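Below is one structure, written out as structure tokens; comments come after it.
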Amino acid sequence: MSNGMVYLVGAGPGASDLVTVRGKQLIKACDALVYDYLVYDELLNWTKPGCVKTYVGKRSGFHSKPQEDIEKLLIDYAQDGKLVVRLKGGDPFIFGRGGEEADSLAEAGIGFEIVPGVTASMGAAAALGIPLSHRKDSSSIVLVTGHEDPGKDETLVDWAQYAKLDATLCIYMGLTKIDHISAELLKAGMSSETPVAVVRWATLPTQESCIGTLGTISETVKESGIRPPAMIIVGEVVRDAPKNSWFEQKPLFGKRIAITRTREQSSNLKSKLQSLGADVLELPLIQVTSAVQESVKDEIFAELGSYDWIVFSSPNGVRYFFNAFLAEFKDLRSMGFMRIAAVGPATAREIEKFHLQVEVMPETHTGPDLADALIETGSIEHAKILIVKGNLGTDDLIKPLEDKWAIIDRFEVYKTGPTDLSQNVAAETFRNKGAHAITFTSGSTVRSFVKQAKSLQLEDGAAIPKTFSMGPQTSKVMKDVHVPLVKEAKISSIDGLVAAIIEELGEK
Ligand code: SAH
């Protein structure tokens, strides 16, 4: 018996916040993640560094890895002692071959657990406002597969028996067989007036849906251009969907909005736009990478105990400094008794994660203000100060300190440079399809965007985005570098920016 463990985890219907709390914990903790086609990309970003991610691409009709190989992979990883997450769209035990995987794990003597997920029919019904059961209209629900096998014209299901049930039918993998399925249901006596909904990418900002009746749905689907993967829901309960479809009524539903980002920052803007229904393309223009100067590091670490102050000018500096420090020393006490200064609250928060107290932080968070705050302590003359920094200039911090006779050592631990956007999924979507809007939240996002212009060149036919600026300073930089401006936020804040976008693009 190995020590490894396999968790068959349901990823939910699509939206990353519809996965269970347990599922998210396991994705964050696992050593190996084996995932399918239907899983939304965002979940893959939750894994810890070093997690091995394997795409096994199960897509109806295209089994890029045979089922036996997937099962073998899970067993191999577990026997290697790994915590394995087998992530499957929806629920692992509903049309996901989870049962077979559990069997083979049991046979191999591997421990496993099952973590349920919101299955696609329930996600789809919720997004369209369709109550799957209803006291008046439907007292049973059938989950059935249309068995899309491109090699066969017919499906394996005896549709006539379902026609007689008076149930809500939720048909998975049925879209390419919709002509056959609707004809069979009609032949078996279901009314041609029975309402039918078809929805693709339910719960995602890219959701598409159409509603018809059993008599018309084949045509309606063709007209709408909806392709698999899609859910078909048949039954009287679908009747109210056009008015109850709350998800598609969100003010920015169907709008693709590119947001420009220059640093690793918590993306408040992204989550706000997503909650309003937008499909957000996050363009990470600048990348921060570890770049500890090795030669300098040895010298500094050798005399760490002799510094009076350590000064952090960014949250990244804190992260990369402690990565390097703890790799060498393993014990925080090796820091010695130096006093600690931080440029602002985000930097201070990173420091406090190590249970270290920040003694000096200026009220406004700039280099010169930090220098002033340090000078005010009256301890700077002849003090030995370690400045932890990136590759960009911190002269406005250092110069005033040197003027007051401080002895400064610079320790570069990271560097900032343009992201390689050639392989970035969001950038690719932006190039191919364009966007309805693009946002700029600072002058530096504008400048970085211009620097990256070549990698973001729109292809022919791509939608040209309307440009939004967070405030006058950003707009001024746009003007300086000839980026046209469509709308500036009335109040310079994330909420102000969101309000401007709704005003310009929203339906209501
Ligand atoms: N285990 C999954 C189902 C896998 S079968 C679950 O419990 O949901 C794959 C089928 O599920 C697709 O062909 C489609 O019919 C349906 N499906 C999955 N995600 C969907 C989504 N977001 N929107 C609509 N249908 C979806």
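Letters A, B, ... go to the chains of the structure tokens in the order shown; residues in each chain start at 1; ligands are counted from 1 in the same order.
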- [ ] Name all residues at most 7 Å from Thr119 (chain A) (count only C-alpha atoms; drop same-chain ones fewer than 2 positions away) and give them as number ranges by chain.
- [x] A: 12-13, 90-91, 117, 121-123
- [ ] Enumerate residues in contact with ligand 1: an atom-to-atom distance of at most 8 Å, counting only C-alpha atoms and all ligand atoms. Format the result as a PyMOL selection string.
- [x] chain A and resi 10+12-14+38+59-60+88-97+117-121+123-124+145+148+171-175+199-204+207+228-232
Among region 215-298 of chain A, which ones does DSSP place in alpha helix (DSSP H), written as a PDB file with N, CA, C and O atoms, in the first residue's frame?
```
ATOM      1  N   ILE A 217     -36.784  23.380 -31.889  1.00  0.00           N
ATOM      2  CA  ILE A 217     -35.450  23.561 -31.303  1.00  0.00           C
ATOM      3  C   ILE A 217     -34.300  23.237 -32.258  1.00  0.00           C
ATOM      4  O   ILE A 217     -33.268  23.916 -32.245  1.00  0.00           O
ATOM      5  N   SER A 218     -34.493  22.228 -33.120  1.00  0.00           N
ATOM      6  CA  SER A 218     -33.409  21.894 -34.057  1.00  0.00           C
ATOM      7  C   SER A 218     -33.061  23.109 -34.906  1.00  0.00           C
ATOM      8  O   SER A 218     -31.886  23.450 -35.071  1.00  0.00           O
ATOM      9  N   GLU A 219     -34.103  23.763 -35.416  1.00  0.00           N
ATOM     10  CA  GLU A 219     -33.901  24.958 -36.237  1.00  0.00           C
ATOM     11  C   GLU A 219     -33.278  26.079 -35.421  1.00  0.00           C
ATOM     12  O   GLU A 219     -32.331  26.743 -35.851  1.00  0.00           O
ATOM     13  N   THR A 220     -33.851  26.293 -34.224  1.00  0.00           N
ATOM     14  CA  THR A 220     -33.378  27.391 -33.374  1.00  0.00           C
ATOM     15  C   THR A 220     -31.888  27.235 -33.065  1.00  0.00           C
ATOM     16  O   THR A 220     -31.132  28.210 -33.079  1.00  0.00           O
ATOM     17  N   VAL A 221     -31.464  26.011 -32.785  1.00  0.00           N
ATOM     18  CA  VAL A 221     -30.044  25.776 -32.481  1.00  0.00           C
ATOM     19  C   VAL A 221     -29.201  26.118 -33.702  1.00  0.00           C
ATOM     20  O   VAL A 221     -28.170  26.794 -33.591  1.00  0.00           O
ATOM     21  N   LYS A 222     -29.658  25.690 -34.865  1.00  0.00           N
ATOM     22  CA  LYS A 222     -28.877  25.981 -36.083  1.00  0.00           C
ATOM     23  C   LYS A 222     -28.752  27.479 -36.291  1.00  0.00           C
ATOM     24  O   LYS A 222     -27.666  28.000 -36.578  1.00  0.00           O
ATOM     25  N   GLU A 223     -29.883  28.169 -36.124  1.00  0.00           N
ATOM     26  CA  GLU A 223     -29.854  29.628 -36.318  1.00  0.00           C
ATOM     27  C   GLU A 223     -28.934  30.314 -35.322  1.00  0.00           C
ATOM     28  O   GLU A 223     -28.224  31.257 -35.651  1.00  0.00           O
ATOM     29  N   SER A 224     -28.948  29.820 -34.092  1.00  0.00           N
ATOM     30  CA  SER A 224     -28.160  30.493 -33.045  1.00  0.00           C
ATOM     31  C   SER A 224     -26.667  30.199 -33.194  1.00  0.00           C
ATOM     32  O   SER A 224     -25.835  30.930 -32.666  1.00  0.00           O
ATOM     33  N   ALA A 241     -37.974  30.573 -18.453  1.00  0.00           N
ATOM     34  CA  ALA A 241     -36.547  30.919 -18.583  1.00  0.00           C
ATOM     35  C   ALA A 241     -36.308  32.288 -19.221  1.00  0.00           C
ATOM     36  O   ALA A 241     -35.450  33.047 -18.749  1.00  0.00           O
ATOM     37  N   PRO A 242     -37.048  32.665 -20.281  1.00  0.00           N
ATOM     38  CA  PRO A 242     -36.725  33.960 -20.885  1.00  0.00           C
ATOM     39  C   PRO A 242     -36.794  35.117 -19.889  1.00  0.00           C
ATOM     40  O   PRO A 242     -35.978  36.036 -19.955  1.00  0.00           O
ATOM     41  N   LYS A 243     -37.731  35.068 -18.948  1.00  0.00           N
ATOM     42  CA  LYS A 243     -37.788  36.213 -18.021  1.00  0.00           C
ATOM     43  C   LYS A 243     -36.911  36.008 -16.772  1.00  0.00           C
ATOM     44  O   LYS A 243     -36.526  36.965 -16.123  1.00  0.00           O
ATOM     45  N   ASN A 244     -36.594  34.740 -16.465  1.00  0.00           N
ATOM     46  CA  ASN A 244     -35.834  34.490 -15.228  1.00  0.00           C
ATOM     47  C   ASN A 244     -34.333  34.314 -15.449  1.00  0.00           C
ATOM     48  O   ASN A 244     -33.604  34.002 -14.521  1.00  0.00           O
ATOM     49  N   ASN A 268      -8.887  43.421  -7.829  1.00  0.00           N
ATOM     50  CA  ASN A 268     -10.186  43.867  -7.410  1.00  0.00           C
ATOM     51  C   ASN A 268     -11.058  44.231  -8.617  1.00  0.00           C
ATOM     52  O   ASN A 268     -12.234  43.898  -8.695  1.00  0.00           O
ATOM     53  N   LEU A 269     -10.429  44.890  -9.586  1.00  0.00           N
ATOM     54  CA  LEU A 269     -11.140  45.315 -10.785  1.00  0.00           C
ATOM     55  C   LEU A 269     -11.679  44.101 -11.521  1.00  0.00           C
ATOM     56  O   LEU A 269     -12.830  44.070 -11.956  1.00  0.00           O
ATOM     57  N   LYS A 270     -10.845  43.083 -11.620  1.00  0.00           N
ATOM     58  CA  LYS A 270     -11.249  41.879 -12.334  1.00  0.00           C
ATOM     59  C   LYS A 270     -12.493  41.255 -11.683  1.00  0.00           C
ATOM     60  O   LYS A 270     -13.473  40.967 -12.366  1.00  0.00           O
ATOM     61  N   SER A 271     -12.461  41.092 -10.371  1.00  0.00           N
ATOM     62  CA  SER A 271     -13.600  40.410  -9.754  1.00  0.00           C
ATOM     63  C   SER A 271     -14.862  41.270  -9.828  1.00  0.00           C
ATOM     64  O   SER A 271     -15.962  40.759  -9.989  1.00  0.00           O
ATOM     65  N   LYS A 272     -14.702  42.588  -9.765  1.00  0.00           N
ATOM     66  CA  LYS A 272     -15.895  43.448  -9.887  1.00  0.00           C
ATOM     67  C   LYS A 272     -16.521  43.311 -11.274  1.00  0.00           C
ATOM     68  O   LYS A 272     -17.739  43.188 -11.412  1.00  0.00           O
ATOM     69  N   LEU A 273     -15.684  43.347 -12.298  1.00  0.00           N
ATOM     70  CA  LEU A 273     -16.212  43.242 -13.668  1.00  0.00           C
ATOM     71  C   LEU A 273     -16.838  41.863 -13.889  1.00  0.00           C
ATOM     72  O   LEU A 273     -17.897  41.740 -14.514  1.00  0.00           O
ATOM     73  N   GLN A 274     -16.173  40.832 -13.345  1.00  0.00           N
ATOM     74  CA  GLN A 274     -16.722  39.483 -13.521  1.00  0.00           C
ATOM     75  C   GLN A 274     -18.076  39.357 -12.838  1.00  0.00           C
ATOM     76  O   GLN A 274     -18.983  38.740 -13.375  1.00  0.00           O
ATOM     77  N   SER A 275     -18.213  39.958 -11.667  1.00  0.00           N
ATOM     78  CA  SER A 275     -19.499  39.806 -10.981  1.00  0.00           C
ATOM     79  C   SER A 275     -20.604  40.555 -11.725  1.00  0.00           C
ATOM     80  O   SER A 275     -21.785  40.284 -11.540  1.00  0.00           O
ATOM     81  N   GLU A 294      23.779  37.141  -6.662  1.00  0.00           N
ATOM     82  CA  GLU A 294      24.419  36.120  -5.831  1.00  0.00           C
ATOM     83  C   GLU A 294      25.672  36.621  -5.108  1.00  0.00           C
ATOM     84  O   GLU A 294      25.839  36.382  -3.916  1.00  0.00           O
ATOM     85  N   SER A 295      26.531  37.357  -5.834  1.00  0.00           N
ATOM     86  CA  SER A 295      27.791  37.782  -5.210  1.00  0.00           C
ATOM     87  C   SER A 295      27.512  38.718  -4.039  1.00  0.00           C
ATOM     88  O   SER A 295      28.080  38.584  -2.953  1.00  0.00           O
ATOM     89  N   VAL A 296      26.591  39.656  -4.280  1.00  0.00           N
ATOM     90  CA  VAL A 296      26.242  40.620  -3.233  1.00  0.00           C
ATOM     91  C   VAL A 296      25.581  39.895  -2.064  1.00  0.00           C
ATOM     92  O   VAL A 296      25.806  40.208  -0.891  1.00  0.00           O
ATOM     93  N   LYS A 297      24.794  38.885  -2.402  1.00  0.00           N
ATOM     94  CA  LYS A 297      24.050  38.157  -1.370  1.00  0.00           C
ATOM     95  C   LYS A 297      24.997  37.586  -0.309  1.00  0.00           C
ATOM     96  O   LYS A 297      24.771  37.758   0.884  1.00  0.00           O
ATOM     97  N   ASP A 298      26.055  36.921  -0.765  1.00  0.00           N
ATOM     98  CA  ASP A 298      26.966  36.295   0.196  1.00  0.00           C
ATOM     99  C   ASP A 298      27.546  37.316   1.162  1.00  0.00           C
ATOM    100  O   ASP A 298      27.598  37.107   2.364  1.00  0.00           O
TER     101      ASP A 298
END
```
TODO: as a VMD selection string, list the residues of region 51-108 of chain A assigned to strand (DSSP E) by DSSP on the backbone atoms of this structure.
DONE: chain A and resid 52 to 55 58 to 59 62 to 63 83 to 88
Keeping N, CA, C and O atoms for every residue in the selection just given, could you write it to a file as a PDB file, in the first residue's frame?
```pdb
ATOM      1  N   VAL A  52       2.590  19.082 -10.467  1.00  0.00           N
ATOM      2  CA  VAL A  52       2.665  18.591 -11.854  1.00  0.00           C
ATOM      3  C   VAL A  52       1.243  18.573 -12.418  1.00  0.00           C
ATOM      4  O   VAL A  52       0.374  17.899 -11.890  1.00  0.00           O
ATOM      5  N   LYS A  53       1.034  19.319 -13.508  1.00  0.00           N
ATOM      6  CA  LYS A  53      -0.323  19.372 -14.063  1.00  0.00           C
ATOM      7  C   LYS A  53      -0.376  18.606 -15.378  1.00  0.00           C
ATOM      8  O   LYS A  53       0.421  18.872 -16.269  1.00  0.00           O
ATOM      9  N   THR A  54      -1.291  17.669 -15.483  1.00  0.00           N
ATOM     10  CA  THR A  54      -1.388  16.881 -16.705  1.00  0.00           C
ATOM     11  C   THR A  54      -2.782  17.024 -17.300  1.00  0.00           C
ATOM     12  O   THR A  54      -3.784  16.729 -16.648  1.00  0.00           O
ATOM     13  N   TYR A  55      -2.803  17.469 -18.542  1.00  0.00           N
ATOM     14  CA  TYR A  55      -4.064  17.604 -19.266  1.00  0.00           C
ATOM     15  C   TYR A  55      -4.349  16.291 -19.973  1.00  0.00           C
ATOM     16  O   TYR A  55      -3.503  15.793 -20.724  1.00  0.00           O
ATOM     17  N   LYS A  58     -10.171  15.029 -22.075  1.00  0.00           N
ATOM     18  CA  LYS A  58     -11.341  14.241 -22.459  1.00  0.00           C
ATOM     19  C   LYS A  58     -12.419  15.169 -22.996  1.00  0.00           C
ATOM     20  O   LYS A  58     -13.030  15.946 -22.292  1.00  0.00           O
ATOM     21  N   ARG A  59     -12.627  15.052 -24.277  1.00  0.00           N
ATOM     22  CA  ARG A  59     -13.595  15.905 -24.930  1.00  0.00           C
ATOM     23  C   ARG A  59     -14.405  14.939 -25.758  1.00  0.00           C
ATOM     24  O   ARG A  59     -13.815  14.032 -26.370  1.00  0.00           O
ATOM     25  N   PHE A  62     -13.026  13.238 -28.824  1.00  0.00           N
ATOM     26  CA  PHE A  62     -11.569  13.320 -28.920  1.00  0.00           C
ATOM     27  C   PHE A  62     -10.936  12.856 -27.612  1.00  0.00           C
ATOM     28  O   PHE A  62     -10.608  13.663 -26.766  1.00  0.00           O
ATOM     29  N   HIS A  63     -10.815  11.582 -27.419  1.00  0.00           N
ATOM     30  CA  HIS A  63     -10.176  11.134 -26.181  1.00  0.00           C
ATOM     31  C   HIS A  63      -8.677  11.138 -26.390  1.00  0.00           C
ATOM     32  O   HIS A  63      -8.107  10.201 -26.906  1.00  0.00           O
ATOM     33  N   LEU A  83      -0.014  13.406  -3.442  1.00  0.00           N
ATOM     34  CA  LEU A  83      -1.424  13.753  -3.238  1.00  0.00           C
ATOM     35  C   LEU A  83      -1.943  14.156  -4.628  1.00  0.00           C
ATOM     36  O   LEU A  83      -1.474  15.128  -5.206  1.00  0.00           O
ATOM     37  N   VAL A  84      -2.860  13.356  -5.149  1.00  0.00           N
ATOM     38  CA  VAL A  84      -3.294  13.549  -6.532  1.00  0.00           C
ATOM     39  C   VAL A  84      -4.737  14.072  -6.570  1.00  0.00           C
ATOM     40  O   VAL A  84      -5.601  13.533  -5.882  1.00  0.00           O
ATOM     41  N   VAL A  85      -4.958  15.104  -7.364  1.00  0.00           N
ATOM     42  CA  VAL A  85      -6.331  15.532  -7.616  1.00  0.00           C
ATOM     43  C   VAL A  85      -6.687  15.194  -9.054  1.00  0.00           C
ATOM     44  O   VAL A  85      -5.984  15.576  -9.998  1.00  0.00           O
ATOM     45  N   ARG A  86      -7.742  14.419  -9.204  1.00  0.00           N
ATOM     46  CA  ARG A  86      -8.273  14.138 -10.538  1.00  0.00           C
ATOM     47  C   ARG A  86      -9.480  15.049 -10.689  1.00  0.00           C
ATOM     48  O   ARG A  86     -10.530  14.807 -10.076  1.00  0.00           O
ATOM     49  N   LEU A  87      -9.287  16.122 -11.453  1.00  0.00           N
ATOM     50  CA  LEU A  87     -10.310  17.160 -11.552  1.00  0.00           C
ATOM     51  C   LEU A  87     -11.169  16.924 -12.785  1.00  0.00           C
ATOM     52  O   LEU A  87     -10.655  16.830 -13.896  1.00  0.00           O
ATOM     53  N   LYS A  88     -12.480  16.861 -12.540  1.00  0.00           N
ATOM     54  CA  LYS A  88     -13.384  16.589 -13.652  1.00  0.00           C
ATOM     55  C   LYS A  88     -14.473  17.648 -13.678  1.00  0.00           C
ATOM     56  O   LYS A  88     -14.932  18.077 -12.620  1.00  0.00           O
TER      57      LYS A  88
END
```
Open item on the list: Which residue is closest to Val388 (chain A)? Choose from A:Thr347, A:Thr260, A:Ser469, A:Ser138 and count only C-alpha atoms.
Closed with: A:Thr347
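Among the candidates A:Leu456, A:Val157, A:Lys479, A:Ala78, the residue lying nearest to Ala426 (chain A) is A:Leu456 (atoms considered: only C-alpha atoms).
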TODO: Would you list the contacts of Ala197 (chain A) as a PyMOL selection string, taking every protein, DNA or RNA residue within 7 Å and counting only C-alpha atoms, but skipping same-chain residues closer than 4 positions in sequence?
DONE: chain A and resi 210-212+232-234+238
Export, as a tab-separated table (two decimals), in the first residue's frame, the selected residues with N, CA, C and O atoms.
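Full text of again-v3.tsv as output:
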```tsv
chain	number	residue	atom	x	y	z
A	210	CYS	N	-30.18	29.38	-26.15
A	210	CYS	CA	-31.36	29.67	-26.96
A	210	CYS	C	-32.52	28.85	-26.42
A	210	CYS	O	-32.32	27.83	-25.76
A	211	ILE	N	-33.71	29.33	-26.69
A	211	ILE	CA	-34.90	28.67	-26.16
A	211	ILE	C	-35.87	28.46	-27.31
A	211	ILE	O	-36.02	29.32	-28.18
A	212	GLY	N	-36.48	27.29	-27.33
A	212	GLY	CA	-37.46	27.00	-28.37
A	212	GLY	C	-38.46	25.99	-27.84
A	212	GLY	O	-38.64	25.88	-26.62
A	232	ILE	N	-28.97	20.35	-22.87
A	232	ILE	CA	-30.33	20.52	-23.38
A	232	ILE	C	-31.27	20.24	-22.22
A	232	ILE	O	-31.15	19.21	-21.55
A	233	ILE	N	-32.19	21.16	-21.98
A	233	ILE	CA	-33.18	20.93	-20.92
A	233	ILE	C	-34.56	20.96	-21.55
A	233	ILE	O	-34.92	21.93	-22.24
A	234	VAL	N	-35.32	19.87	-21.36
A	234	VAL	CA	-36.64	19.74	-21.98
A	234	VAL	C	-37.68	19.62	-20.88
A	234	VAL	O	-37.52	18.81	-19.97
A	238	VAL	N	-39.12	24.91	-18.33
A	238	VAL	CA	-38.28	25.83	-19.11
A	238	VAL	C	-39.08	27.10	-19.49
A	238	VAL	O	-38.50	28.12	-19.84
```
Open item on the list: I'd like the contact shell of Glu504 (chain A) - 12 Å cut-off, only C-alpha atoms, skipping same-chain residues fewer than 2 positions apart - returned as number ranges by chain.
Closed with: A: 251-252, 255, 436-437, 465-468, 486-489, 497-502, 506-508
Task: Residue neighbourhood region 391-407 of chain A, 10 Å, only C-alpha atoms, exclusion window fewer than 2 positions, as an NGL selection string - done: :A and (291 or 307-308 or 311 or 313 or 343 or 366-372 or 374-375 or 379-389 or 409-417)
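Note that CA of His355 (chain A) and CA of Ile408 (chain A) are 25.2 Å apart.
Proximity of A:Ile257, A:Leu74, A:Val450, A:Val115 to Ala11 (chain A), computed with only C-alpha atoms, is greatest for A:Val115.
Every protein, DNA or RNA residue with an atom at most 12 Å from Glu428 (chain A), where only C-alpha atoms count and chain neighbours fewer than 3 positions away do not, is listed here: Ala258, Leu281, Glu282, Leu283, Asp420, Leu421, Ser422, Gln423, Asn424, Val425, Arg431, Asn432, Lys433, Gly434, Ala435, Ser455, Leu456, Gln457, Leu458, Glu459 and Ala462 of chain A.
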Could those residues be written to a file, using N, CA, C and O atoms, as a PDB file, in the first residue's frame?
```pdb
ATOM      1  N   ALA A 258     -10.760  43.923 -21.582  1.00  0.00           N
ATOM      2  CA  ALA A 258      -9.337  43.679 -21.316  1.00  0.00           C
ATOM      3  C   ALA A 258      -8.894  44.622 -20.209  1.00  0.00           C
ATOM      4  O   ALA A 258      -9.228  45.811 -20.228  1.00  0.00           O
ATOM      5  N   LEU A 281     -10.414  39.729 -19.772  1.00  0.00           N
ATOM      6  CA  LEU A 281      -9.098  39.283 -20.264  1.00  0.00           C
ATOM      7  C   LEU A 281      -8.048  40.062 -19.498  1.00  0.00           C
ATOM      8  O   LEU A 281      -7.943  41.285 -19.652  1.00  0.00           O
ATOM      9  N   GLU A 282      -7.285  39.378 -18.694  1.00  0.00           N
ATOM     10  CA  GLU A 282      -6.288  40.070 -17.902  1.00  0.00           C
ATOM     11  C   GLU A 282      -4.967  40.060 -18.656  1.00  0.00           C
ATOM     12  O   GLU A 282      -4.411  39.000 -18.897  1.00  0.00           O
ATOM     13  N   LEU A 283      -4.497  41.229 -19.049  1.00  0.00           N
ATOM     14  CA  LEU A 283      -3.241  41.302 -19.804  1.00  0.00           C
ATOM     15  C   LEU A 283      -2.116  41.676 -18.843  1.00  0.00           C
ATOM     16  O   LEU A 283      -1.992  42.839 -18.437  1.00  0.00           O
ATOM     17  N   ASP A 420       6.302  38.035 -21.544  1.00  0.00           N
ATOM     18  CA  ASP A 420       6.246  37.451 -22.887  1.00  0.00           C
ATOM     19  C   ASP A 420       4.785  37.115 -23.172  1.00  0.00           C
ATOM     20  O   ASP A 420       4.228  36.190 -22.601  1.00  0.00           O
ATOM     21  N   LEU A 421       4.168  37.907 -24.041  1.00  0.00           N
ATOM     22  CA  LEU A 421       2.739  37.722 -24.288  1.00  0.00           C
ATOM     23  C   LEU A 421       2.461  36.767 -25.445  1.00  0.00           C
ATOM     24  O   LEU A 421       1.312  36.498 -25.769  1.00  0.00           O
ATOM     25  N   SER A 422       3.525  36.225 -26.060  1.00  0.00           N
ATOM     26  CA  SER A 422       3.276  35.403 -27.237  1.00  0.00           C
ATOM     27  C   SER A 422       2.543  34.115 -26.875  1.00  0.00           C
ATOM     28  O   SER A 422       1.778  33.591 -27.670  1.00  0.00           O
ATOM     29  N   GLN A 423       2.755  33.605 -25.648  1.00  0.00           N
ATOM     30  CA  GLN A 423       2.099  32.356 -25.247  1.00  0.00           C
ATOM     31  C   GLN A 423       0.943  32.585 -24.276  1.00  0.00           C
ATOM     32  O   GLN A 423       0.370  31.632 -23.771  1.00  0.00           O
ATOM     33  N   ASN A 424       0.628  33.847 -24.012  1.00  0.00           N
ATOM     34  CA  ASN A 424      -0.390  34.136 -23.006  1.00  0.00           C
ATOM     35  C   ASN A 424      -1.798  33.978 -23.599  1.00  0.00           C
ATOM     36  O   ASN A 424      -2.100  34.538 -24.643  1.00  0.00           O
ATOM     37  N   VAL A 425      -2.639  33.191 -22.897  1.00  0.00           N
ATOM     38  CA  VAL A 425      -3.966  32.870 -23.434  1.00  0.00           C
ATOM     39  C   VAL A 425      -4.835  34.121 -23.588  1.00  0.00           C
ATOM     40  O   VAL A 425      -5.492  34.314 -24.612  1.00  0.00           O
ATOM     41  N   ARG A 431      -5.760  39.373 -29.250  1.00  0.00           N
ATOM     42  CA  ARG A 431      -5.297  39.562 -30.639  1.00  0.00           C
ATOM     43  C   ARG A 431      -6.328  39.046 -31.641  1.00  0.00           C
ATOM     44  O   ARG A 431      -6.630  39.681 -32.636  1.00  0.00           O
ATOM     45  N   ASN A 432      -6.905  37.863 -31.338  1.00  0.00           N
ATOM     46  CA  ASN A 432      -7.835  37.242 -32.291  1.00  0.00           C
ATOM     47  C   ASN A 432      -9.183  37.917 -32.355  1.00  0.00           C
ATOM     48  O   ASN A 432      -9.734  38.134 -33.421  1.00  0.00           O
ATOM     49  N   LYS A 433      -9.732  38.209 -31.160  1.00  0.00           N
ATOM     50  CA  LYS A 433     -11.119  38.675 -31.137  1.00  0.00           C
ATOM     51  C   LYS A 433     -11.259  40.131 -30.748  1.00  0.00           C
ATOM     52  O   LYS A 433     -12.337  40.707 -30.892  1.00  0.00           O
ATOM     53  N   GLY A 434     -10.201  40.698 -30.158  1.00  0.00           N
ATOM     54  CA  GLY A 434     -10.334  42.055 -29.658  1.00  0.00           C
ATOM     55  C   GLY A 434     -11.193  42.073 -28.409  1.00  0.00           C
ATOM     56  O   GLY A 434     -11.373  41.051 -27.755  1.00  0.00           O
ATOM     57  N   ALA A 435     -11.730  43.251 -28.085  1.00  0.00           N
ATOM     58  CA  ALA A 435     -12.533  43.366 -26.873  1.00  0.00           C
ATOM     59  C   ALA A 435     -13.486  44.536 -27.036  1.00  0.00           C
ATOM     60  O   ALA A 435     -13.309  45.363 -27.924  1.00  0.00           O
ATOM     61  N   SER A 455       2.975  42.945 -29.508  1.00  0.00           N
ATOM     62  CA  SER A 455       2.458  41.633 -29.092  1.00  0.00           C
ATOM     63  C   SER A 455       0.946  41.652 -28.889  1.00  0.00           C
ATOM     64  O   SER A 455       0.362  40.637 -28.581  1.00  0.00           O
ATOM     65  N   LEU A 456       0.343  42.835 -29.009  1.00  0.00           N
ATOM     66  CA  LEU A 456      -1.097  42.919 -28.780  1.00  0.00           C
ATOM     67  C   LEU A 456      -1.842  43.413 -30.014  1.00  0.00           C
ATOM     68  O   LEU A 456      -3.003  43.801 -29.949  1.00  0.00           O
ATOM     69  N   GLN A 457      -1.150  43.391 -31.133  1.00  0.00           N
ATOM     70  CA  GLN A 457      -1.725  43.853 -32.402  1.00  0.00           C
ATOM     71  C   GLN A 457      -2.998  43.074 -32.739  1.00  0.00           C
ATOM     72  O   GLN A 457      -2.978  41.844 -32.786  1.00  0.00           O
ATOM     73  N   LEU A 458      -4.090  43.786 -32.985  1.00  0.00           N
ATOM     74  CA  LEU A 458      -5.359  43.117 -33.296  1.00  0.00           C
ATOM     75  C   LEU A 458      -5.328  42.558 -34.712  1.00  0.00           C
ATOM     76  O   LEU A 458      -4.804  43.182 -35.629  1.00  0.00           O
ATOM     77  N   GLU A 459      -5.913  41.370 -34.850  1.00  0.00           N
ATOM     78  CA  GLU A 459      -6.007  40.809 -36.190  1.00  0.00           C
ATOM     79  C   GLU A 459      -7.198  41.415 -36.931  1.00  0.00           C
ATOM     80  O   GLU A 459      -8.081  42.000 -36.315  1.00  0.00           O
ATOM     81  N   ALA A 462     -11.007  41.750 -35.657  1.00  0.00           N
ATOM     82  CA  ALA A 462     -11.119  41.776 -34.190  1.00  0.00           C
ATOM     83  C   ALA A 462     -11.778  43.088 -33.757  1.00  0.00           C
ATOM     84  O   ALA A 462     -11.594  44.120 -34.399  1.00  0.00           O
TER      85      ALA A 462
END
```
